[in-house]
file start31.txt (compact mmCIF, C-alpha atoms)
# COMPACT_ATOMS: atom_id res chain seq x y z
CA MET A 1 0.00 0.00 0.00
CA ALA A 2 1.01 3.57 0.45
CA GLU A 3 2.43 5.10 -2.64
CA GLN A 4 2.09 8.27 -4.59
CA THR A 5 -0.81 9.28 -2.39
CA ALA A 6 1.33 9.42 0.76
CA PRO A 7 0.65 12.72 2.48
CA ARG A 8 3.39 14.92 3.85
CA VAL A 9 2.99 15.13 7.59
CA THR A 10 5.69 17.77 7.88
CA GLY A 11 3.69 20.49 6.18
CA GLY A 12 1.60 23.12 7.87
CA ILE A 13 -1.87 22.41 9.18
CA ARG A 14 -3.31 22.21 5.71
CA ASP A 15 -6.81 21.27 6.82
CA ASP A 16 -7.08 24.33 9.07
CA SER A 17 -6.11 26.82 6.40
CA PRO A 18 -9.00 29.10 5.56
CA ARG A 19 -10.53 28.13 2.27
CA ALA A 20 -13.43 30.56 2.37
CA GLY A 21 -14.97 30.90 -1.03
CA GLY A 22 -12.76 28.11 -2.36
CA PRO A 23 -13.93 25.97 -5.25
CA ALA A 24 -15.14 23.28 -2.85
CA GLY A 25 -17.71 25.63 -1.35
CA PRO A 26 -19.85 24.52 1.57
CA GLY A 27 -19.69 20.73 1.52
CA LYS A 28 -18.61 18.48 -1.28
CA PRO A 29 -21.22 16.04 -2.67
CA ASP A 30 -21.01 12.67 -0.92
CA SER A 31 -20.85 10.90 -4.26
CA ALA A 32 -17.70 12.82 -5.18
CA VAL A 33 -16.06 11.91 -1.87
CA VAL A 34 -17.00 8.25 -2.31
CA ARG A 35 -15.64 8.24 -5.86
CA ASP A 36 -12.28 9.69 -4.74
CA ALA A 37 -12.08 7.27 -1.84
CA LEU A 38 -12.95 4.20 -3.91
CA GLY A 39 -10.42 5.21 -6.56
CA VAL A 40 -7.62 5.11 -4.01
CA GLY A 41 -8.99 2.11 -2.11
CA VAL A 42 -9.39 -0.09 -5.18
CA ALA A 43 -6.10 0.85 -6.88
CA VAL A 44 -4.01 0.33 -3.78
CA GLY A 45 -6.08 -2.58 -2.49
CA LEU A 46 -5.19 -4.56 -5.59
CA SER A 47 -1.50 -4.37 -4.71
CA GLY A 48 -2.22 -6.85 -1.92
CA PHE A 49 -1.52 -9.43 -4.67
CA ALA A 50 2.12 -8.37 -4.62
CA PHE A 51 2.24 -8.76 -0.86
CA GLY A 52 0.57 -12.16 -0.84
CA VAL A 53 2.96 -13.45 -3.49
CA THR A 54 6.04 -11.95 -1.82
CA SER A 55 5.08 -13.28 1.61
CA ALA A 56 4.42 -16.79 0.31
CA GLY A 57 7.65 -16.62 -1.69
CA ALA A 58 9.47 -15.69 1.52
CA GLY A 59 8.29 -18.96 3.05
CA LEU A 60 5.43 -17.77 5.25
CA THR A 61 2.38 -20.01 5.51
CA LEU A 62 -1.01 -18.95 4.17
CA LEU A 63 -2.23 -18.29 7.72
CA GLN A 64 0.81 -16.18 8.58
CA THR A 65 0.49 -14.15 5.39
CA CYS A 66 -3.21 -13.46 5.92
CA ALA A 67 -2.66 -12.67 9.61
CA LEU A 68 -0.22 -9.95 8.61
CA SER A 69 -2.64 -8.26 6.23
CA LEU A 70 -5.56 -8.56 8.65
CA LEU A 71 -3.74 -7.42 11.77
CA VAL A 72 -0.79 -5.27 10.69
CA PHE A 73 -2.50 -3.60 7.72
CA THR A 74 0.25 -1.19 6.78
CA GLY A 75 1.92 -2.31 3.58
CA ALA A 76 5.50 -1.10 3.91
CA SER A 77 5.86 -2.72 7.34
CA GLN A 78 4.43 -5.99 6.03
CA PHE A 79 6.84 -6.09 3.08
CA ALA A 80 9.74 -5.18 5.37
CA LEU A 81 8.88 -7.95 7.82
CA VAL A 82 8.60 -10.75 5.28
CA GLY A 83 11.75 -9.49 3.53
CA ALA A 84 13.67 -9.57 6.80
CA LEU A 85 12.33 -13.03 7.68
CA ALA A 86 13.30 -14.32 4.24
CA GLY A 87 16.77 -12.89 4.76
CA GLY A 88 17.15 -14.98 7.91
CA GLY A 89 16.89 -12.19 10.46
CA ASN A 90 15.87 -12.97 14.03
CA PRO A 91 12.25 -12.14 14.92
CA PHE A 92 13.21 -9.08 16.99
CA THR A 93 15.31 -7.22 14.41
CA ALA A 94 12.78 -8.16 11.72
CA ALA A 95 9.90 -6.73 13.77
CA ALA A 96 11.94 -3.64 14.71
CA GLY A 97 12.40 -2.65 11.06
CA ALA A 98 8.69 -3.11 10.39
CA PHE A 99 7.85 -1.15 13.54
CA PHE A 100 10.04 1.84 12.64
CA LEU A 101 8.41 1.99 9.20
CA GLY A 102 5.02 2.01 10.93
CA THR A 103 5.83 4.94 13.21
CA ARG A 104 4.82 7.43 10.51
CA ASN A 105 1.22 6.32 11.08
CA ALA A 106 1.33 7.94 14.55
CA PHE A 107 1.80 11.30 12.83
CA TYR A 108 -1.05 10.59 10.45
CA GLY A 109 -3.21 9.72 13.45
CA LEU A 110 -2.35 13.05 15.01
CA ARG A 111 -3.58 14.95 11.97
CA LEU A 112 -6.67 12.77 11.63
CA SER A 113 -7.59 13.09 15.28
CA GLN A 114 -7.83 16.88 14.88
CA LEU A 115 -9.60 16.60 11.55
CA LEU A 116 -12.13 13.82 12.22
CA SER A 117 -12.57 14.47 15.97
CA LEU A 118 -13.76 10.92 16.58
CA PRO A 119 -15.53 9.91 19.80
CA LYS A 120 -13.15 8.18 22.23
CA PRO A 121 -14.84 4.72 22.02
CA VAL A 122 -14.49 4.69 18.21
CA ARG A 123 -10.78 5.51 18.18
CA PRO A 124 -9.39 2.01 18.95
CA PHE A 125 -11.32 0.71 15.92
CA ALA A 126 -10.54 3.60 13.61
CA ALA A 127 -6.85 3.28 14.52
CA GLN A 128 -6.38 0.17 12.37
CA TRP A 129 -7.23 2.23 9.27
CA VAL A 130 -4.80 5.05 10.02
CA ILE A 131 -2.45 4.64 7.06
CA ASP A 132 -1.02 6.65 4.16
CA GLU A 133 -4.03 6.38 1.85
CA THR A 134 -6.85 7.06 4.31
CA THR A 135 -4.93 10.08 5.60
CA ALA A 136 -4.32 11.39 2.10
CA VAL A 137 -8.01 11.11 1.17
CA ALA A 138 -9.28 12.56 4.48
CA LEU A 139 -6.89 15.52 4.38
CA ALA A 140 -7.95 16.35 0.83
CA GLN A 141 -11.58 16.94 1.88
CA PRO A 142 -13.00 20.42 2.46
CA ASP A 143 -14.86 19.74 5.70
CA ARG A 144 -15.21 17.28 8.59
CA ARG A 145 -18.22 15.46 7.22
CA SER A 146 -16.51 14.72 3.91
CA ALA A 147 -13.27 13.85 5.70
CA ARG A 148 -15.07 11.27 7.86
CA LEU A 149 -16.80 9.79 4.84
CA GLY A 150 -13.58 9.73 2.82
CA PHE A 151 -11.68 8.10 5.68
CA THR A 152 -14.34 5.43 6.18
CA VAL A 153 -14.87 4.53 2.52
CA THR A 154 -11.13 4.45 1.77
CA GLY A 155 -10.44 2.43 4.92
CA LEU A 156 -13.20 -0.09 4.29
CA SER A 157 -12.57 -0.64 0.57
CA LEU A 158 -8.83 -0.86 1.08
CA TYR A 159 -9.09 -3.21 4.05
CA VAL A 160 -11.45 -5.61 2.28
CA LEU A 161 -9.53 -5.64 -1.01
CA TRP A 162 -6.05 -5.71 0.53
CA ASN A 163 -6.97 -8.82 2.52
CA LEU A 164 -8.76 -10.50 -0.35
CA THR A 165 -5.88 -9.93 -2.78
CA THR A 166 -3.35 -11.00 -0.13
CA LEU A 167 -5.15 -14.33 0.10
CA LEU A 168 -5.34 -14.72 -3.68
CA GLY A 169 -1.69 -13.73 -4.09
CA ALA A 170 -0.55 -16.25 -1.48
CA LEU A 171 -2.67 -19.01 -3.02
CA GLY A 172 -1.37 -18.11 -6.46
CA ALA A 173 2.23 -18.22 -5.28
CA GLU A 174 1.68 -21.67 -3.78
CA ALA A 175 0.16 -22.83 -7.06
CA ILE A 176 3.01 -21.64 -9.27
CA GLY A 177 5.77 -22.83 -6.93
CA ASP A 178 9.06 -21.12 -7.76
CA THR A 179 8.11 -17.46 -7.45
CA ALA A 180 11.62 -16.27 -8.33
CA ALA A 181 11.36 -17.81 -11.81
CA TRP A 182 8.42 -15.46 -12.39
CA GLY A 183 10.42 -12.46 -11.21
CA LEU A 184 8.15 -12.08 -8.21
CA ASP A 185 11.07 -11.52 -5.83
CA ALA A 186 11.40 -8.12 -7.53
CA ALA A 187 7.90 -7.08 -6.39
CA GLY A 188 8.99 -6.24 -2.83
CA PRO A 189 11.84 -3.86 -3.72
CA ALA A 190 9.71 -2.32 -6.50
CA VAL A 191 7.00 -1.54 -3.93
CA PHE A 192 9.61 0.09 -1.68
CA LEU A 193 10.96 2.12 -4.59
CA ALA A 194 7.46 3.30 -5.52
CA LEU A 195 6.88 4.37 -1.91
CA LEU A 196 10.25 6.10 -1.72
CA ALA A 197 10.22 8.01 -5.02
CA PRO A 198 7.63 10.68 -4.11
CA MET A 199 9.46 11.33 -0.83
CA LEU A 200 12.73 12.33 -2.51
CA LYS A 201 11.82 15.97 -2.89
CA THR A 202 14.80 17.88 -1.56
CA ALA A 203 18.54 17.40 -1.06
CA THR A 204 17.88 16.37 2.55
CA GLU A 205 15.80 13.36 1.53
CA ARG A 206 18.20 12.40 -1.26
CA ALA A 207 21.22 12.59 1.03
CA THR A 208 19.41 10.47 3.63
CA ALA A 209 18.45 7.88 1.02
CA GLY A 210 21.98 7.78 -0.39
CA ILE A 211 23.61 7.28 3.00
CA ALA A 212 21.02 4.66 3.94
CA VAL A 213 21.72 2.69 0.75
CA ILE A 214 25.48 2.75 1.40
CA LEU A 215 25.01 1.66 5.03
CA GLY A 216 22.39 -0.96 4.16
CA LEU A 217 24.51 -2.62 1.48
CA GLY A 218 27.91 -2.03 3.08
CA LEU A 219 26.91 -3.58 6.40
CA LEU A 220 24.90 -6.46 4.90
CA PRO A 221 27.88 -8.87 4.76
CA VAL A 222 29.25 -7.98 8.19
CA LEU A 223 26.32 -7.58 10.58
CA PRO A 224 23.61 -10.13 11.53
CA ALA A 225 20.55 -10.21 9.25
CA GLY A 226 18.07 -7.43 9.96
CA VAL A 227 20.57 -5.23 11.80
CA PRO A 228 22.02 -3.35 8.77
CA VAL A 229 18.63 -1.82 7.90
CA LEU A 230 18.26 -0.55 11.47
CA VAL A 231 21.72 1.02 11.34
CA ALA A 232 20.84 2.52 7.95
CA ALA A 233 17.82 4.20 9.60
CA LEU A 234 20.32 6.27 11.60
CA ALA A 235 20.96 8.17 8.36
CA ALA A 236 17.80 10.16 9.16
CA PRO A 237 18.87 11.65 12.53
CA ALA A 238 22.45 11.99 11.25
CA VAL A 239 21.40 14.10 8.26
CA LEU A 240 19.08 16.22 10.42
CA TRP A 241 21.85 16.79 12.96
CA PHE A 242 24.31 17.73 10.24
CA ARG A 243 21.86 20.15 8.63
CA GLY A 244 21.03 21.67 12.00
CA ARG A 245 24.71 22.31 12.64
CA ARG A 246 25.19 23.89 9.25
CA ALA A 247 22.10 26.07 9.65
CA GLN A 248 23.47 27.25 13.01
CA ARG A 249 26.81 28.13 11.45
CA GLU A 250 25.07 30.10 8.75
CA GLY A 251 23.28 32.16 11.36
CA GLY A 252 20.03 30.23 11.44
CA THR A 253 18.24 32.59 9.04
CA GLU A 254 17.74 29.90 6.41
CA ASN A 255 14.15 28.76 6.07
CA ARG A 256 14.57 25.05 6.49
CA ALA A 257 10.92 24.08 6.29
CA GLY A 258 10.81 25.71 2.86
CA ASN A 259 7.31 24.58 1.96
CA ARG A 260 5.48 26.57 4.62
CA THR A 261 4.36 29.97 3.51
CA LYS A 262 3.59 30.74 7.15
CA ASN A 263 7.29 30.49 7.92
CA ARG A 264 8.04 33.12 5.35
CA THR A 265 5.94 35.70 7.14
CA GLU A 266 7.47 34.76 10.49
CA GLU A 267 10.90 35.01 8.94
CA GLY A 268 10.92 38.81 9.18
CA ASP A 269 10.35 38.72 12.94
CA ARG A 270 13.41 36.70 13.67
CA MET B 1 13.79 -19.72 11.19
CA ASN B 2 11.05 -21.97 12.53
CA GLY B 3 7.32 -21.36 12.69
CA THR B 4 7.34 -20.18 16.30
CA GLN B 5 9.92 -17.51 15.56
CA VAL B 6 7.90 -16.29 12.58
CA TRP B 7 4.83 -16.04 14.79
CA ILE B 8 6.82 -14.11 17.41
CA ALA B 9 7.91 -11.64 14.71
CA ILE B 10 4.30 -11.36 13.48
CA GLY B 11 2.98 -10.82 17.00
CA LEU B 12 5.52 -8.09 17.76
CA THR B 13 4.83 -6.34 14.45
CA VAL B 14 1.05 -6.51 14.94
CA ALA B 15 1.28 -5.05 18.46
CA GLY B 16 3.85 -2.39 17.57
CA CYS B 17 2.16 -1.21 14.38
CA TYR B 18 -1.27 -1.05 16.01
CA LEU B 19 0.01 0.87 19.02
CA VAL B 20 1.70 3.58 16.96
CA LYS B 21 -1.50 4.02 14.96
CA LEU B 22 -3.52 4.33 18.17
CA ILE B 23 -1.03 6.67 19.86
CA GLY B 24 -1.50 9.23 17.10
CA LEU B 25 -5.26 9.31 17.70
CA LEU B 26 -4.99 9.44 21.50
CA VAL B 27 -2.08 11.68 22.51
CA PRO B 28 -2.50 15.43 22.81
CA ALA B 29 -1.31 17.18 19.67
CA GLU B 30 1.53 19.10 21.35
CA ALA B 31 3.41 15.90 22.18
CA LEU B 32 4.24 15.13 18.56
CA GLU B 33 4.08 18.60 17.05
CA ARG B 34 7.65 19.59 17.83
CA PRO B 35 9.34 20.43 14.52
CA LEU B 36 12.32 18.17 15.10
CA VAL B 37 10.10 15.17 15.88
CA GLN B 38 8.00 15.85 12.78
CA ARG B 39 11.05 16.17 10.56
CA LEU B 40 12.56 12.98 11.93
CA ALA B 41 9.27 11.15 11.40
CA ALA B 42 9.22 12.24 7.77
CA LEU B 43 12.85 11.32 7.17
CA LEU B 44 12.92 7.94 8.94
CA PRO B 45 10.82 6.16 6.26
CA VAL B 46 13.11 7.62 3.58
CA ALA B 47 16.16 5.98 5.18
CA LEU B 48 14.38 2.68 5.82
CA LEU B 49 12.80 2.40 2.38
CA ALA B 50 16.06 3.30 0.62
CA ALA B 51 18.00 0.68 2.59
CA LEU B 52 15.31 -1.96 2.07
CA THR B 53 15.09 -1.28 -1.67
CA ALA B 54 18.85 -1.64 -2.02
CA GLN B 55 19.10 -4.75 0.14
CA GLN B 56 16.25 -6.58 -1.55
CA THR B 57 17.66 -5.73 -4.97
CA PHE B 58 21.35 -6.39 -4.38
CA GLY B 59 21.33 -8.74 -1.39
CA THR B 60 21.04 -12.51 -1.18
CA GLY B 61 21.06 -13.56 2.46
CA SER B 62 24.11 -11.79 3.85
CA ALA B 63 25.95 -11.57 0.50
CA LEU B 64 25.76 -8.94 -2.20
CA ALA B 65 24.61 -10.07 -5.64
CA PHE B 66 24.02 -8.37 -8.95
CA ASP B 67 21.35 -10.30 -10.83
CA ALA B 68 18.09 -10.02 -12.78
CA ARG B 69 16.45 -8.07 -9.96
CA ALA B 70 18.67 -5.07 -10.79
CA ALA B 71 17.18 -4.96 -14.29
CA GLY B 72 13.69 -5.26 -12.80
CA LEU B 73 14.31 -2.35 -10.44
CA ALA B 74 15.70 -0.25 -13.31
CA ALA B 75 12.42 -0.91 -15.15
CA ALA B 76 10.45 0.13 -12.04
CA ALA B 77 12.51 3.31 -11.78
CA LEU B 78 11.82 4.11 -15.42
CA ALA B 79 8.10 3.52 -14.89
CA LEU B 80 8.20 5.88 -11.90
CA VAL B 81 9.94 8.57 -13.94
CA LEU B 82 7.18 8.17 -16.55
CA ARG B 83 4.62 8.60 -13.72
CA ALA B 84 3.10 5.17 -14.26
CA PRO B 85 0.50 3.93 -11.74
CA PHE B 86 1.65 1.89 -8.75
CA LEU B 87 0.63 -1.50 -10.16
CA VAL B 88 2.38 -0.81 -13.47
CA VAL B 89 5.59 0.03 -11.60
CA VAL B 90 5.50 -3.26 -9.69
CA GLY B 91 4.40 -5.19 -12.80
CA ALA B 92 7.30 -3.78 -14.83
CA ALA B 93 9.82 -4.90 -12.20
CA VAL B 94 8.34 -8.41 -12.07
CA ALA B 95 8.08 -8.82 -15.85
CA VAL B 96 11.59 -7.56 -16.61
CA THR B 97 13.14 -9.66 -13.83
CA ALA B 98 11.35 -12.76 -15.14
CA GLY B 99 12.37 -11.92 -18.71
CA VAL B 100 16.04 -11.48 -17.86
CA ARG B 101 16.01 -14.76 -15.89
CA ALA B 102 14.34 -16.58 -18.77
CA LEU B 103 17.14 -15.32 -21.02
CA GLY B 104 19.64 -16.77 -18.58
CA GLY B 105 20.67 -13.52 -16.89
call {"tool": "encode", "arguments": {"input": "start31.txt", "output": "structure tokens"}}
result
Amino acid sequence: MAEQTAPRVTGGIRDDSPRAGGPAGPGKPDSAVVRDALGVGVAVGLSGFAFGVTSAGAGLTLLQTCALSLLVFTGASQFALVGALAGGGNPFTAAAGAFFLGTRNAFYGLRLSQLLSLPKPVRPFAAQWVIDETTAVALAQPDRRSARLGFTVTGLSLYVLWNLTTLLGALGAEAIGDTAAWGLDAAGPAVFLALLAPMLKTATERATAGIAVILGLGLLPVLPAGVPVLVAALAAPAVLWFRGRRAQREGGTENRAGNRTKNRTEEGDR
Amino acid sequence: MNGTQVWIAIGLTVAGCYLVKLIGLLVPAEALERPLVQRLAALLPVALLAALTAQQTFGTGSALAFDARAAGLAAAALALVLRAPFLVVVGAAVAVTAGVRALGG
């Protein structure tokens, strides 16, 4: 799951920005919200095939594969886990990589909690659907009613399809046997690349990705399975620290957020 | 890795991934709204995805390997540059990898 639609959590509070007189006007028709939501839900839900095949190819049983899609339900973490297990990592390092990839959902939840303002008893159930796609659709809506509808329809369609296609993919992989002969071992890394590409917007992201690749590959032969990817994750704080230092040296006037117009107005006060 | 270990990994991932989703909905906004935390949260997936892409393309167990998967990933990258939909990107990688293997690459 989670691809070009992945929202940027780092931006300003987009949903709070005044849109008075905007093209959306007061309330968007429900049918338009449902259409948007189903478009995302169906397109991404179908990619559960790739997960089912990859997971079965990695040696997981049908039950294990389906349990992951039913209970984890965040694609990048699922692919990371089965990849790490296939690589022979121990269960703890394998789960740690998947967990760190899943942490971004906490930041989506934060935005959604303000936007949807769900009743407390509903939150533990809604939480399972807090992922890239539902956040992207909900944040794109003009008001709370549409956001709730978009979140629900995207979540439901994606959850149902993702699990159905996971099952079919795993069954299909068992039927065809040698998944590598069909090139299906390339599906996992291709999914990661498709998730990564839209994130590489500035030099900061590219530098982080470059360092992570060097660490991930360079340490692969020398550290236990699953550990190199965790070390590679340190590229993120390292690059931030380095940029922070450089910004300090340059007097701290540089607008590092860049994409926030609000910052530009505050800039003069500093 | 035996079945029990796989289930342990699945159980840990299920619990961890659900909890981070829930935390976002439950904690007060200020706790996660610090700019440094937000920036780190945005950059962490970049590092993880880049490392995972590289490892699953050029790694076999704990050894490095250059094989048909590299051609498949190049096809996926090309599809991404051409702004192809998600499924086309993955399909291109699979088809090209299979093709190169069939040709003995």
call {"tool": "residues_near_point", "arguments": {"input": "start31.txt", "point": "(-2.4, -1.2, 12.6)", "cutoff": "6 Å", "atoms": "only C-alpha atoms", "output": "VMD selection string"}}
result
(chain A and resid 72 to 73 128) or (chain B and resid 17 to 18 21)
call {"tool": "residues_near_point", "arguments": {"input": "start31.txt", "point": "(4.7, 10.0, 8.0)", "cutoff": "6 Å", "atoms": "all atoms listed in the file", "output": "VMD selection string"}}
result
(chain A and resid 9 104 to 105 107) or (chain B and resid 41 to 42)
call {"tool": "closest_atom_pairs", "arguments": {"input": "start31.txt", "of": "chain B", "to": "chain A", "cutoff": "7 Å", "atoms": "only C-alpha atoms", "output": "JSON lines"}}
result
{"residue": "B:Met1", "atom": "CA", "partner": "A:Gly88", "partner_atom": "CA", "distance": 6.7}
{"residue": "B:Gln5", "atom": "CA", "partner": "A:Pro91", "partner_atom": "CA", "distance": 5.9}
{"residue": "B:Val6", "atom": "CA", "partner": "A:Pro91", "partner_atom": "CA", "distance": 6.5}
{"residue": "B:Ile8", "atom": "CA", "partner": "A:Pro91", "partner_atom": "CA", "distance": 6.3}
{"residue": "B:Ala9", "atom": "CA", "partner": "A:Pro91", "partner_atom": "CA", "distance": 4.4}
{"residue": "B:Ile10", "atom": "CA", "partner": "A:Leu68", "partner_atom": "CA", "distance": 6.8}
{"residue": "B:Leu12", "atom": "CA", "partner": "A:Ala95", "partner_atom": "CA", "distance": 6.1}
{"residue": "B:Thr13", "atom": "CA", "partner": "A:Ala95", "partner_atom": "CA", "distance": 5.1}
{"residue": "B:Val14", "atom": "CA", "partner": "A:Val72", "partner_atom": "CA", "distance": 4.8}
{"residue": "B:Gly16", "atom": "CA", "partner": "A:Phe99", "partner_atom": "CA", "distance": 5.8}
{"residue": "B:Cys17", "atom": "CA", "partner": "A:Gly102", "partner_atom": "CA", "distance": 5.5}
{"residue": "B:Tyr18", "atom": "CA", "partner": "A:Gln128", "partner_atom": "CA", "distance": 6.4}
{"residue": "B:Val20", "atom": "CA", "partner": "A:Ala106", "partner_atom": "CA", "distance": 5.0}
{"residue": "B:Lys21", "atom": "CA", "partner": "A:Ala106", "partner_atom": "CA", "distance": 4.9}
{"residue": "B:Leu22", "atom": "CA", "partner": "A:Ala127", "partner_atom": "CA", "distance": 5.1}
{"residue": "B:Ile23", "atom": "CA", "partner": "A:Ala106", "partner_atom": "CA", "distance": 5.9}
{"residue": "B:Gly24", "atom": "CA", "partner": "A:Ala106", "partner_atom": "CA", "distance": 4.0}
{"residue": "B:Leu25", "atom": "CA", "partner": "A:Gly109", "partner_atom": "CA", "distance": 4.7}
{"residue": "B:Ala29", "atom": "CA", "partner": "A:Leu110", "partner_atom": "CA", "distance": 6.3}
{"residue": "B:Gln38", "atom": "CA", "partner": "A:Thr10", "partner_atom": "CA", "distance": 5.7}
{"residue": "B:Arg39", "atom": "CA", "partner": "A:Thr10", "partner_atom": "CA", "distance": 6.2}
{"residue": "B:Leu40", "atom": "CA", "partner": "A:Pro237", "partner_atom": "CA", "distance": 6.5}
{"residue": "B:Ala41", "atom": "CA", "partner": "A:Arg104", "partner_atom": "CA", "distance": 5.9}
{"residue": "B:Ala42", "atom": "CA", "partner": "A:Thr10", "partner_atom": "CA", "distance": 6.6}
{"residue": "B:Leu43", "atom": "CA", "partner": "A:Ala236", "partner_atom": "CA", "distance": 5.5}
{"residue": "B:Leu44", "atom": "CA", "partner": "A:Ala236", "partner_atom": "CA", "distance": 5.4}
{"residue": "B:Pro45", "atom": "CA", "partner": "A:Leu101", "partner_atom": "CA", "distance": 5.6}
{"residue": "B:Val46", "atom": "CA", "partner": "A:Ala209", "partner_atom": "CA", "distance": 5.9}
{"residue": "B:Ala47", "atom": "CA", "partner": "A:Ala233", "partner_atom": "CA", "distance": 5.0}
{"residue": "B:Leu48", "atom": "CA", "partner": "A:Ala233", "partner_atom": "CA", "distance": 5.3}
{"residue": "B:Leu49", "atom": "CA", "partner": "A:Phe192", "partner_atom": "CA", "distance": 5.7}
{"residue": "B:Ala50", "atom": "CA", "partner": "A:Ala209", "partner_atom": "CA", "distance": 5.2}
{"residue": "B:Ala51", "atom": "CA", "partner": "A:Val213", "partner_atom": "CA", "distance": 4.6}
{"residue": "B:Leu52", "atom": "CA", "partner": "A:Val229", "partner_atom": "CA", "distance": 6.7}
{"residue": "B:Thr53", "atom": "CA", "partner": "A:Pro189", "partner_atom": "CA", "distance": 4.6}
{"residue": "B:Ala54", "atom": "CA", "partner": "A:Val213", "partner_atom": "CA", "distance": 5.9}
{"residue": "B:Gln55", "atom": "CA", "partner": "A:Leu217", "partner_atom": "CA", "distance": 6.0}
{"residue": "B:Gln56", "atom": "CA", "partner": "A:Pro189", "partner_atom": "CA", "distance": 5.6}
{"residue": "B:Thr57", "atom": "CA", "partner": "A:Pro189", "partner_atom": "CA", "distance": 6.2}
{"residue": "B:Gly61", "atom": "CA", "partner": "A:Gly87", "partner_atom": "CA", "distance": 4.9}
{"residue": "B:Ser62", "atom": "CA", "partner": "A:Pro221", "partner_atom": "CA", "distance": 4.9}
{"residue": "B:Ala63", "atom": "CA", "partner": "A:Pro221", "partner_atom": "CA", "distance": 5.4}
{"residue": "B:Arg69", "atom": "CA", "partner": "A:Ala186", "partner_atom": "CA", "distance": 5.6}
{"residue": "B:Gly72", "atom": "CA", "partner": "A:Ala186", "partner_atom": "CA", "distance": 6.4}
{"residue": "B:Leu73", "atom": "CA", "partner": "A:Ala190", "partner_atom": "CA", "distance": 6.1}
{"residue": "B:Ala76", "atom": "CA", "partner": "A:Ala190", "partner_atom": "CA", "distance": 6.1}
{"residue": "B:Leu80", "atom": "CA", "partner": "A:Ala194", "partner_atom": "CA", "distance": 6.9}
{"residue": "B:Phe86", "atom": "CA", "partner": "A:Ala194", "partner_atom": "CA", "distance": 6.8}
{"residue": "B:Leu87", "atom": "CA", "partner": "A:Ser47", "partner_atom": "CA", "distance": 6.5}
{"residue": "B:Val89", "atom": "CA", "partner": "A:Ala190", "partner_atom": "CA", "distance": 7.0}
{"residue": "B:Val90", "atom": "CA", "partner": "A:Ala190", "partner_atom": "CA", "distance": 5.4}
{"residue": "B:Ala93", "atom": "CA", "partner": "A:Ala186", "partner_atom": "CA", "distance": 5.9}
{"residue": "B:Val94", "atom": "CA", "partner": "A:Gly183", "partner_atom": "CA", "distance": 4.6}
{"residue": "B:Ala95", "atom": "CA", "partner": "A:Gly183", "partner_atom": "CA", "distance": 6.3}
{"residue": "B:Thr97", "atom": "CA", "partner": "A:Gly183", "partner_atom": "CA", "distance": 4.7}
{"residue": "B:Ala98", "atom": "CA", "partner": "A:Gly183", "partner_atom": "CA", "distance": 4.0}
{"residue": "B:Arg101", "atom": "CA", "partner": "A:Ala181", "partner_atom": "CA", "distance": 6.9}
call {"tool": "atom_distance", "arguments": {"input": "start31.txt", "atom1": "CA of Glu133 (chain A)", "atom2": "CA of Arg145 (chain A)"}}
result
17.7 Å
call {"tool": "atom_distance", "arguments": {"input": "start31.txt", "atom1": "CA of Gly45 (chain A)", "atom2": "CA of Phe58 (chain B)"}}
result
27.8 Å
call {"tool": "residues_around", "arguments": {"input": "start31.txt", "residues": "Ala37 (chain A)", "least_positions_apart": "5", "cutoff": "9 Å", "atoms": "all atoms listed in the file", "output": "ChimeraX atom specification"}}
result
/A:32,42,133-134,137-138,149-155,157
call {"tool": "atom_distance", "arguments": {"input": "start31.txt", "atom1": "CA of Glu174 (chain A)", "atom2": "CA of Gly57 (chain A)"}}
result
8.1 Å
call {"tool": "residues_around", "arguments": {"input": "start31.txt", "residues": "Ala173 (chain A)", "least_positions_apart": "2", "cutoff": "8 Å", "atoms": "all atoms listed in the file", "output": "ChimeraX atom specification"}}
result
/A:52-53,56-57,169-171,175-179
call {"tool": "closest_residue", "arguments": {"input": "start31.txt", "among": "A:Leu167, A:Leu156, A:Leu115, A:Ala140", "to": "Lys28 (chain A)", "atoms": "all atoms listed in the file"}}
result
A:Ala140
call {"tool": "axis_aligned_box", "arguments": {"input": "start31.txt", "around": "region 14-32 of chain B", "padding_each_side": "4 Å", "output": "lines of an AutoDock Vina configuration file"}}
result
center_x = -0.5
center_y = 6.3
center_z = 18.6
size_x = 17.5
size_y = 33.6
size_z = 16.4
